[in-house]
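Visitor: I'm passing along run.cif; it holds mmCIF, C-alpha atoms.
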```
data_model
loop_
_atom_site.group_PDB
_atom_site.id
_atom_site.type_symbol
_atom_site.label_atom_id
_atom_site.label_comp_id
_atom_site.auth_asym_id
_atom_site.auth_seq_id
_atom_site.Cartn_x
_atom_site.Cartn_y
_atom_site.Cartn_z
ATOM 1 C CA MET A 14 1.226 -48.684 10.353
ATOM 2 C CA GLU A 15 3.330 -46.450 8.139
ATOM 3 C CA ILE A 16 6.997 -45.531 8.420
ATOM 4 C CA ILE A 17 7.710 -42.139 6.872
ATOM 5 C CA ASP A 18 11.284 -41.242 5.902
ATOM 6 C CA ILE A 19 11.752 -37.476 6.000
ATOM 7 C CA THR A 20 14.741 -35.754 4.460
ATOM 8 C CA ASN A 21 15.450 -32.151 3.561
ATOM 9 C CA LYS A 22 13.930 -32.948 0.140
ATOM 10 C CA ASN A 23 10.443 -33.698 1.499
ATOM 11 C CA VAL A 24 10.471 -32.032 4.911
ATOM 12 C CA THR A 25 8.059 -29.251 3.922
ATOM 13 C CA ARG A 26 5.351 -31.845 3.259
ATOM 14 C CA TYR A 27 5.539 -33.144 6.859
ATOM 15 C CA LYS A 28 6.906 -30.124 8.721
ATOM 16 C CA ASP A 29 3.665 -28.892 10.320
ATOM 17 C CA PHE A 30 2.653 -32.390 11.430
ATOM 18 C CA MET A 31 6.124 -33.090 12.846
ATOM 19 C CA LEU A 32 6.371 -29.821 14.727
ATOM 20 C CA LYS A 33 2.911 -30.264 16.234
ATOM 21 C CA GLN A 34 3.756 -33.785 17.422
ATOM 22 C CA PHE A 35 7.298 -33.085 18.613
ATOM 23 C CA ASN A 36 6.481 -29.840 20.428
ATOM 24 C CA ASN A 37 3.698 -31.604 22.348
ATOM 25 C CA LEU A 38 6.220 -34.070 23.769
ATOM 26 C CA ASP A 39 8.086 -33.321 26.955
ATOM 27 C CA TRP A 40 11.318 -35.069 25.958
ATOM 28 C CA GLY A 41 14.581 -33.415 24.995
ATOM 29 C CA GLY A 42 15.189 -35.592 21.920
ATOM 30 C CA SER A 43 11.836 -34.587 20.446
ATOM 31 C CA LYS A 44 12.533 -30.923 21.156
ATOM 32 C CA MET A 45 15.980 -31.237 19.520
ATOM 33 C CA LEU A 46 14.463 -32.736 16.358
ATOM 34 C CA ALA A 47 11.732 -30.075 16.300
ATOM 35 C CA LYS A 48 14.334 -27.311 16.494
ATOM 36 C CA LYS A 49 16.451 -28.939 13.769
ATOM 37 C CA VAL A 50 13.422 -29.160 11.462
ATOM 38 C CA GLU A 51 12.071 -25.721 12.343
ATOM 39 C CA ASP A 52 15.456 -24.067 11.766
ATOM 40 C CA ASP A 53 15.953 -25.931 8.450
ATOM 41 C CA GLU A 54 19.113 -27.595 9.769
ATOM 42 C CA LEU A 55 18.457 -31.090 8.440
ATOM 43 C CA GLN A 56 21.557 -32.026 6.437
ATOM 44 C CA ASP A 57 21.393 -33.863 3.087
ATOM 45 C CA SER A 58 22.564 -37.090 4.739
ATOM 46 C CA GLU A 59 20.140 -36.891 7.675
ATOM 47 C CA HIS A 60 16.732 -38.515 8.046
ATOM 48 C CA VAL A 61 13.840 -38.203 10.475
ATOM 49 C CA ILE A 62 11.638 -41.273 10.750
ATOM 50 C CA LEU A 63 7.989 -40.936 11.732
ATOM 51 C CA LEU A 64 5.917 -43.927 12.706
ATOM 52 C CA VAL A 65 2.141 -43.443 12.408
ATOM 53 C CA ASP A 66 -0.801 -45.801 12.525
ATOM 54 C CA ASN A 67 -3.364 -46.268 9.741
ATOM 55 C CA ASN A 68 -5.284 -43.192 10.973
ATOM 56 C CA SER A 69 -2.122 -41.024 10.878
ATOM 57 C CA THR A 70 -1.921 -41.087 14.670
ATOM 58 C CA PHE A 71 1.629 -40.466 15.847
ATOM 59 C CA ILE A 72 3.337 -43.538 17.334
ATOM 60 C CA GLY A 73 6.994 -42.519 17.478
ATOM 61 C CA HIS A 74 10.074 -41.090 15.824
ATOM 62 C CA GLY A 75 13.782 -41.559 15.385
ATOM 63 C CA SER A 76 16.539 -40.099 13.263
ATOM 64 C CA LEU A 77 19.786 -40.696 11.448
ATOM 65 C CA LEU A 78 22.013 -37.723 12.291
ATOM 66 C CA GLN A 79 25.634 -36.847 11.718
ATOM 67 C CA GLU A 80 25.951 -35.576 15.289
ATOM 68 C CA ASP A 81 23.961 -36.354 18.412
ATOM 69 C CA ILE A 82 23.955 -34.794 21.894
ATOM 70 C CA VAL A 83 27.605 -35.706 22.404
ATOM 71 C CA LYS A 84 30.055 -33.512 20.542
ATOM 72 C CA ASP A 85 33.533 -34.072 19.137
ATOM 73 C CA THR A 86 33.356 -37.868 19.155
ATOM 74 C CA ASN A 87 34.908 -38.256 15.682
ATOM 75 C CA VAL A 88 32.294 -40.922 14.884
ATOM 76 C CA SER A 89 29.088 -40.849 12.855
ATOM 77 C CA PRO A 90 26.351 -41.356 11.867
ATOM 78 C CA PHE A 91 24.114 -41.695 14.904
ATOM 79 C CA ILE A 92 20.754 -43.282 15.419
ATOM 80 C CA ALA A 93 19.280 -40.519 17.545
ATOM 81 C CA ALA A 94 16.133 -39.379 19.309
ATOM 82 C CA VAL A 95 14.274 -42.697 19.236
ATOM 83 C CA PHE A 96 10.934 -42.149 20.967
ATOM 84 C CA VAL A 97 7.710 -44.146 21.197
ATOM 85 C CA SER A 98 4.527 -42.693 22.710
ATOM 86 C CA PRO A 99 3.664 -44.286 26.067
ATOM 87 C CA ASP A 100 0.460 -45.914 24.734
ATOM 88 C CA TYR A 101 2.516 -47.832 22.154
ATOM 89 C CA ARG A 102 5.496 -48.932 24.253
ATOM 90 C CA GLY A 103 6.322 -52.586 24.733
ATOM 91 C CA GLN A 104 5.122 -53.532 21.244
ATOM 92 C CA GLY A 105 8.467 -53.468 19.397
ATOM 93 C CA TYR A 106 8.002 -50.084 17.727
ATOM 94 C CA SER A 107 11.358 -48.677 18.847
ATOM 95 C CA LEU A 108 13.104 -51.624 17.196
ATOM 96 C CA LYS A 109 11.088 -51.060 13.991
ATOM 97 C CA ILE A 110 12.342 -47.472 13.964
ATOM 98 C CA VAL A 111 15.935 -48.581 14.584
ATOM 99 C CA GLN A 112 15.748 -51.247 11.859
ATOM 100 C CA LYS A 113 14.389 -48.707 9.359
ATOM 101 C CA ILE A 114 17.242 -46.329 10.181
ATOM 102 C CA GLU A 115 19.765 -49.158 9.802
ATOM 103 C CA ASN A 116 18.361 -49.961 6.350
ATOM 104 C CA ILE A 117 18.566 -46.312 5.297
ATOM 105 C CA ALA A 118 22.145 -46.042 6.561
ATOM 106 C CA LEU A 119 23.127 -49.210 4.718
ATOM 107 C CA SER A 120 21.551 -47.970 1.479
ATOM 108 C CA GLU A 121 23.583 -44.770 1.805
ATOM 109 C CA GLY A 122 26.839 -46.679 2.128
ATOM 110 C CA TYR A 123 27.383 -46.598 5.879
ATOM 111 C CA ARG A 124 28.791 -49.756 7.431
ATOM 112 C CA GLN A 125 28.795 -48.686 11.074
ATOM 113 C CA LEU A 126 26.279 -46.861 13.277
ATOM 114 C CA TYR A 127 26.433 -45.281 16.715
ATOM 115 C CA ILE A 128 23.922 -44.655 19.485
ATOM 116 C CA VAL A 129 24.253 -42.536 22.599
ATOM 117 C CA THR A 130 21.926 -43.756 25.349
ATOM 118 C CA ASN A 131 21.393 -44.470 29.012
ATOM 119 C CA HIS A 132 19.174 -47.472 28.226
ATOM 120 C CA GLU A 133 20.750 -50.813 28.998
ATOM 121 C CA GLY A 134 19.812 -53.940 27.075
ATOM 122 C CA LEU A 135 17.459 -52.400 24.497
ATOM 123 C CA TYR A 136 19.949 -51.769 21.708
ATOM 124 C CA GLU A 137 22.146 -54.697 22.642
ATOM 125 C CA LYS A 138 19.245 -56.927 21.499
ATOM 126 C CA GLU A 139 19.864 -55.521 18.021
ATOM 127 C CA GLY A 140 23.604 -56.193 18.055
ATOM 128 C CA PHE A 141 24.928 -52.899 19.436
ATOM 129 C CA ARG A 142 27.812 -53.010 21.904
ATOM 130 C CA GLN A 143 29.155 -50.369 24.232
ATOM 131 C CA ILE A 144 32.498 -48.862 23.247
ATOM 132 C CA GLY A 145 32.720 -46.091 25.810
ATOM 133 C CA GLU A 146 31.087 -43.254 27.670
ATOM 134 C CA GLU A 147 30.776 -39.684 26.464
ATOM 135 C CA LYS A 148 29.651 -36.499 28.151
ATOM 136 C CA ASN A 149 26.547 -34.993 26.541
ATOM 137 C CA ILE A 150 25.812 -31.289 26.022
ATOM 138 C CA GLU A 151 24.314 -31.118 29.538
ATOM 139 C CA GLY A 152 27.426 -32.594 31.169
ATOM 140 C CA GLU A 153 25.876 -36.003 31.816
ATOM 141 C CA TYR A 154 27.768 -39.181 30.951
ATOM 142 C CA MET A 155 26.030 -41.480 28.487
ATOM 143 C CA ARG A 156 26.856 -44.847 26.971
ATOM 144 C CA LEU A 157 28.273 -44.828 23.435
ATOM 145 C CA LEU A 158 27.294 -47.937 21.470
ATOM 146 C CA THR A 159 28.170 -49.103 17.974
ATOM 147 C CA LYS A 160 27.129 -51.731 15.482
ATOM 148 C CA LYS A 161 28.582 -52.867 12.185
ATOM 149 C CA ILE A 162 25.919 -53.155 9.494
ATOM 150 C CA ASP A 163 26.021 -55.042 6.199
#
```
Please re-express this file's structure in structure tokens.
Guide:
Amino acid sequence: MEIIDITNKNVTRYKDFMLKQFNNLDWGGSKMLAKKVEDDELQDSEHVILLVDNNSTFIGHGSLLQEDIVKDTNVSPFIAAVFVSPDYRGQGYSLKIVQKIENIALSEGYRQLYIVTNHEGLYEKEGFRQIGEEKNIEGEYMRLLTKKID
């Protein structure tokens, strides 16, 4: 298994692979990341994480973004668009992605992270706690979670 950290400095190396994988997925978070990469909108402080097996088969993705699908929250950064392919679910890969993003955020000086989700219990296992609800760009209420990192 390999975890690939993609930033705007190395995105061209992985862009075609990412777009092929993300555009084949029928999930809004994957489509959002594909658009961000395709439109060259990845900010200097943002990361896309790819998880692949030893044969470069796509397992999942996640990201560290300054803004997620909720706007005007006055908080950042966000762990966003965490996705694991159905064949690989239930094996702890989403938590590997989250832990990698936490380590990146910590190395960049962040001491607090946020997640917007409708999942209950998954992120709480990693120390996140709900601090509110926010309306996303589609008008749906989602849970806003946070975690202090150090």
Visitor: A:Val95, A:Met14, A:Ile72, A:Lys33: which is nearest A:His132, counting all atoms listed in the file?
Guide: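 The closest residue to A:His132 is A:Val95.
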Visitor: Kindly provide, as a PyMOL selection string, the polymer residues lying within 10 Å of (15.0, -29.4, 13.7), counting all atoms listed in the file and using the coordinates exactly as they appear in the file.
Guide: chain A and resi 28+31-32+35+43-55+61
Visitor: At what distance in Å, to one decimal, does atom CA of A:Gly42 lie from atom CA of A:Gly152?
Guide: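 Result for atom CA of A:Gly152 versus atom CA of A:Gly42: 15.6 Å, one decimal.
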Visitor: Using all atoms listed in the file, can you tell me which of A:Asp57, A:Asp66, A:Asp39, A:Glu151 comes closest to A:Ile16?
Guide: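 Once distances to A:Ile16 are computed over all atoms listed in the file, the minimum belongs to A:Asp66.
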Visitor: Give me the result of the PyMOL selection byres ((chain A and resi 135) around 12) on this file, residue by residue, as a VMD selection string.
Guide: chain A and resid 95 103 105 to 108 111 128 130 to 134 136 to 143 158
Visitor: Restricting the calculation to all atoms listed in the file, which member of A:Val24, A:Ile17, A:Ala93, A:Ile82 is positioned closest to A:Leu64?
Guide: A:Ile17
Visitor: What do you get, as an mmCIF file with C-alpha atoms, in the coordinates of the input, if you spell out every residue that the PyMOL selection byres ((chain A and resi 89) around 12) selects here?
Guide:
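What ended up in part10.cif:
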```
data_model
loop_
_atom_site.group_PDB
_atom_site.id
_atom_site.type_symbol
_atom_site.label_atom_id
_atom_site.label_comp_id
_atom_site.auth_asym_id
_atom_site.auth_seq_id
_atom_site.Cartn_x
_atom_site.Cartn_y
_atom_site.Cartn_z
ATOM 1 C CA SER A 58 22.564 -37.090 4.739
ATOM 2 C CA GLU A 59 20.140 -36.891 7.675
ATOM 3 C CA LEU A 77 19.786 -40.696 11.448
ATOM 4 C CA LEU A 78 22.013 -37.723 12.291
ATOM 5 C CA GLN A 79 25.634 -36.847 11.718
ATOM 6 C CA GLU A 80 25.951 -35.576 15.289
ATOM 7 C CA ASP A 81 23.961 -36.354 18.412
ATOM 8 C CA VAL A 83 27.605 -35.706 22.404
ATOM 9 C CA LYS A 84 30.055 -33.512 20.542
ATOM 10 C CA ASP A 85 33.533 -34.072 19.137
ATOM 11 C CA THR A 86 33.356 -37.868 19.155
ATOM 12 C CA ASN A 87 34.908 -38.256 15.682
ATOM 13 C CA VAL A 88 32.294 -40.922 14.884
ATOM 14 C CA PRO A 90 26.351 -41.356 11.867
ATOM 15 C CA PHE A 91 24.114 -41.695 14.904
ATOM 16 C CA ILE A 92 20.754 -43.282 15.419
ATOM 17 C CA ALA A 93 19.280 -40.519 17.545
ATOM 18 C CA ALA A 118 22.145 -46.042 6.561
ATOM 19 C CA TYR A 123 27.383 -46.598 5.879
ATOM 20 C CA ARG A 124 28.791 -49.756 7.431
ATOM 21 C CA GLN A 125 28.795 -48.686 11.074
ATOM 22 C CA LEU A 126 26.279 -46.861 13.277
ATOM 23 C CA TYR A 127 26.433 -45.281 16.715
ATOM 24 C CA ILE A 128 23.922 -44.655 19.485
ATOM 25 C CA VAL A 129 24.253 -42.536 22.599
ATOM 26 C CA LEU A 157 28.273 -44.828 23.435
ATOM 27 C CA LEU A 158 27.294 -47.937 21.470
ATOM 28 C CA THR A 159 28.170 -49.103 17.974
ATOM 29 C CA LYS A 160 27.129 -51.731 15.482
#
```
Visitor: Pick out the closest residue to A:Tyr101 from this set: A:Leu38, A:Asp18, A:Tyr154, A:Phe71. Count all atoms listed in the file.
Guide: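 Once distances to A:Tyr101 are computed over all atoms listed in the file, the minimum belongs to A:Phe71.
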Visitor: Work out how far atom CA of A:Trp40 is from atom CA of A:Asn149, in Å to one decimal.
Guide: 15.2 Å
Visitor: Which one is closest to A:Ile150: A:Asp100, A:Gly41, A:Asn21, A:Gln34? Count only C-alpha atoms.
Guide: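 For A:Ile150, the nearest of the given residues is A:Gly41.
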Visitor: Which residue, A:Ile144, A:Ile110, A:Leu119, A:Met155, has the smallest gap to A:Glu15 when you use all atoms listed in the file?
Guide: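 Nearest to A:Glu15: A:Ile110.
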Visitor: Report, in Å to a single decimal, how far apart atom CA of A:Lys109 and atom CA of A:Val65 are.
Guide: 11.9 Å
Visitor: Please complete stretch 94-105 of chain A with all heavy atoms and give it back as a compact mmCIF listing (two decimals), keeping the file's coordinate frame.
Guide:
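Now in selection34.txt:
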```
# COMPACT_ATOMS: atom_id res chain seq x y z
N ALA A 94 17.47 -39.84 18.95
CA ALA A 94 16.13 -39.38 19.31
C ALA A 94 15.06 -40.41 19.00
O ALA A 94 14.03 -40.11 18.41
CB ALA A 94 15.84 -38.04 18.63
N VAL A 95 15.28 -41.65 19.41
CA VAL A 95 14.27 -42.70 19.24
C VAL A 95 13.26 -42.56 20.38
O VAL A 95 13.62 -42.59 21.55
CB VAL A 95 14.90 -44.10 19.23
CG1 VAL A 95 13.82 -45.18 19.15
CG2 VAL A 95 15.90 -44.24 18.07
N PHE A 96 12.01 -42.37 19.99
CA PHE A 96 10.93 -42.15 20.97
C PHE A 96 9.69 -42.88 20.51
O PHE A 96 9.34 -42.85 19.33
CB PHE A 96 10.62 -40.65 21.08
CG PHE A 96 9.44 -40.34 21.95
CD1 PHE A 96 9.60 -40.19 23.31
CD2 PHE A 96 8.17 -40.22 21.40
CE1 PHE A 96 8.50 -39.91 24.12
CE2 PHE A 96 7.07 -39.94 22.20
CZ PHE A 96 7.23 -39.78 23.56
N VAL A 97 9.00 -43.52 21.45
CA VAL A 97 7.71 -44.15 21.20
C VAL A 97 6.73 -43.63 22.25
O VAL A 97 7.05 -43.61 23.44
CB VAL A 97 7.80 -45.69 21.24
CG1 VAL A 97 6.42 -46.32 21.11
CG2 VAL A 97 8.72 -46.19 20.14
N SER A 98 5.56 -43.19 21.79
CA SER A 98 4.53 -42.69 22.71
C SER A 98 4.18 -43.75 23.75
O SER A 98 4.14 -44.95 23.43
CB SER A 98 3.26 -42.31 21.94
OG SER A 98 3.50 -41.23 21.10
N PRO A 99 3.93 -43.33 24.98
CA PRO A 99 3.66 -44.29 26.07
C PRO A 99 2.59 -45.33 25.75
O PRO A 99 2.74 -46.49 26.13
CB PRO A 99 3.24 -43.39 27.23
CG PRO A 99 3.96 -42.09 26.97
CD PRO A 99 3.96 -41.94 25.47
N ASP A 100 1.53 -44.96 25.05
CA ASP A 100 0.46 -45.91 24.73
C ASP A 100 0.91 -47.04 23.82
O ASP A 100 0.23 -48.06 23.71
CB ASP A 100 -0.72 -45.20 24.08
CG ASP A 100 -1.46 -44.28 25.04
OD1 ASP A 100 -1.23 -44.39 26.27
OD2 ASP A 100 -2.25 -43.45 24.57
N TYR A 101 2.05 -46.86 23.15
CA TYR A 101 2.52 -47.83 22.15
C TYR A 101 3.78 -48.57 22.60
O TYR A 101 4.30 -49.39 21.85
CB TYR A 101 2.78 -47.13 20.82
CG TYR A 101 1.53 -46.58 20.19
CD1 TYR A 101 1.15 -45.26 20.40
CD2 TYR A 101 0.73 -47.37 19.38
CE1 TYR A 101 0.00 -44.74 19.83
CE2 TYR A 101 -0.42 -46.87 18.79
CZ TYR A 101 -0.78 -45.56 19.03
OH TYR A 101 -1.92 -45.06 18.46
N ARG A 102 4.25 -48.30 23.79
CA ARG A 102 5.50 -48.93 24.25
C ARG A 102 5.28 -50.42 24.54
O ARG A 102 4.18 -50.86 24.84
CB ARG A 102 6.02 -48.20 25.49
CG ARG A 102 6.52 -46.83 25.11
CD ARG A 102 7.11 -46.06 26.25
NE ARG A 102 7.46 -44.73 25.78
CZ ARG A 102 7.65 -43.70 26.56
NH1 ARG A 102 7.58 -43.82 27.87
NH2 ARG A 102 7.96 -42.54 26.05
N GLY A 103 6.37 -51.16 24.45
CA GLY A 103 6.32 -52.59 24.73
C GLY A 103 5.80 -53.43 23.59
O GLY A 103 5.53 -54.61 23.75
N GLN A 104 5.66 -52.82 22.40
CA GLN A 104 5.12 -53.53 21.24
C GLN A 104 6.15 -53.65 20.11
O GLN A 104 5.80 -54.00 18.99
CB GLN A 104 3.86 -52.82 20.75
CG GLN A 104 2.77 -52.75 21.80
CD GLN A 104 1.57 -51.95 21.33
OE1 GLN A 104 1.07 -52.17 20.23
NE2 GLN A 104 1.12 -51.02 22.16
N GLY A 105 7.41 -53.31 20.39
CA GLY A 105 8.47 -53.47 19.40
C GLY A 105 8.62 -52.31 18.42
O GLY A 105 9.38 -52.42 17.46
```
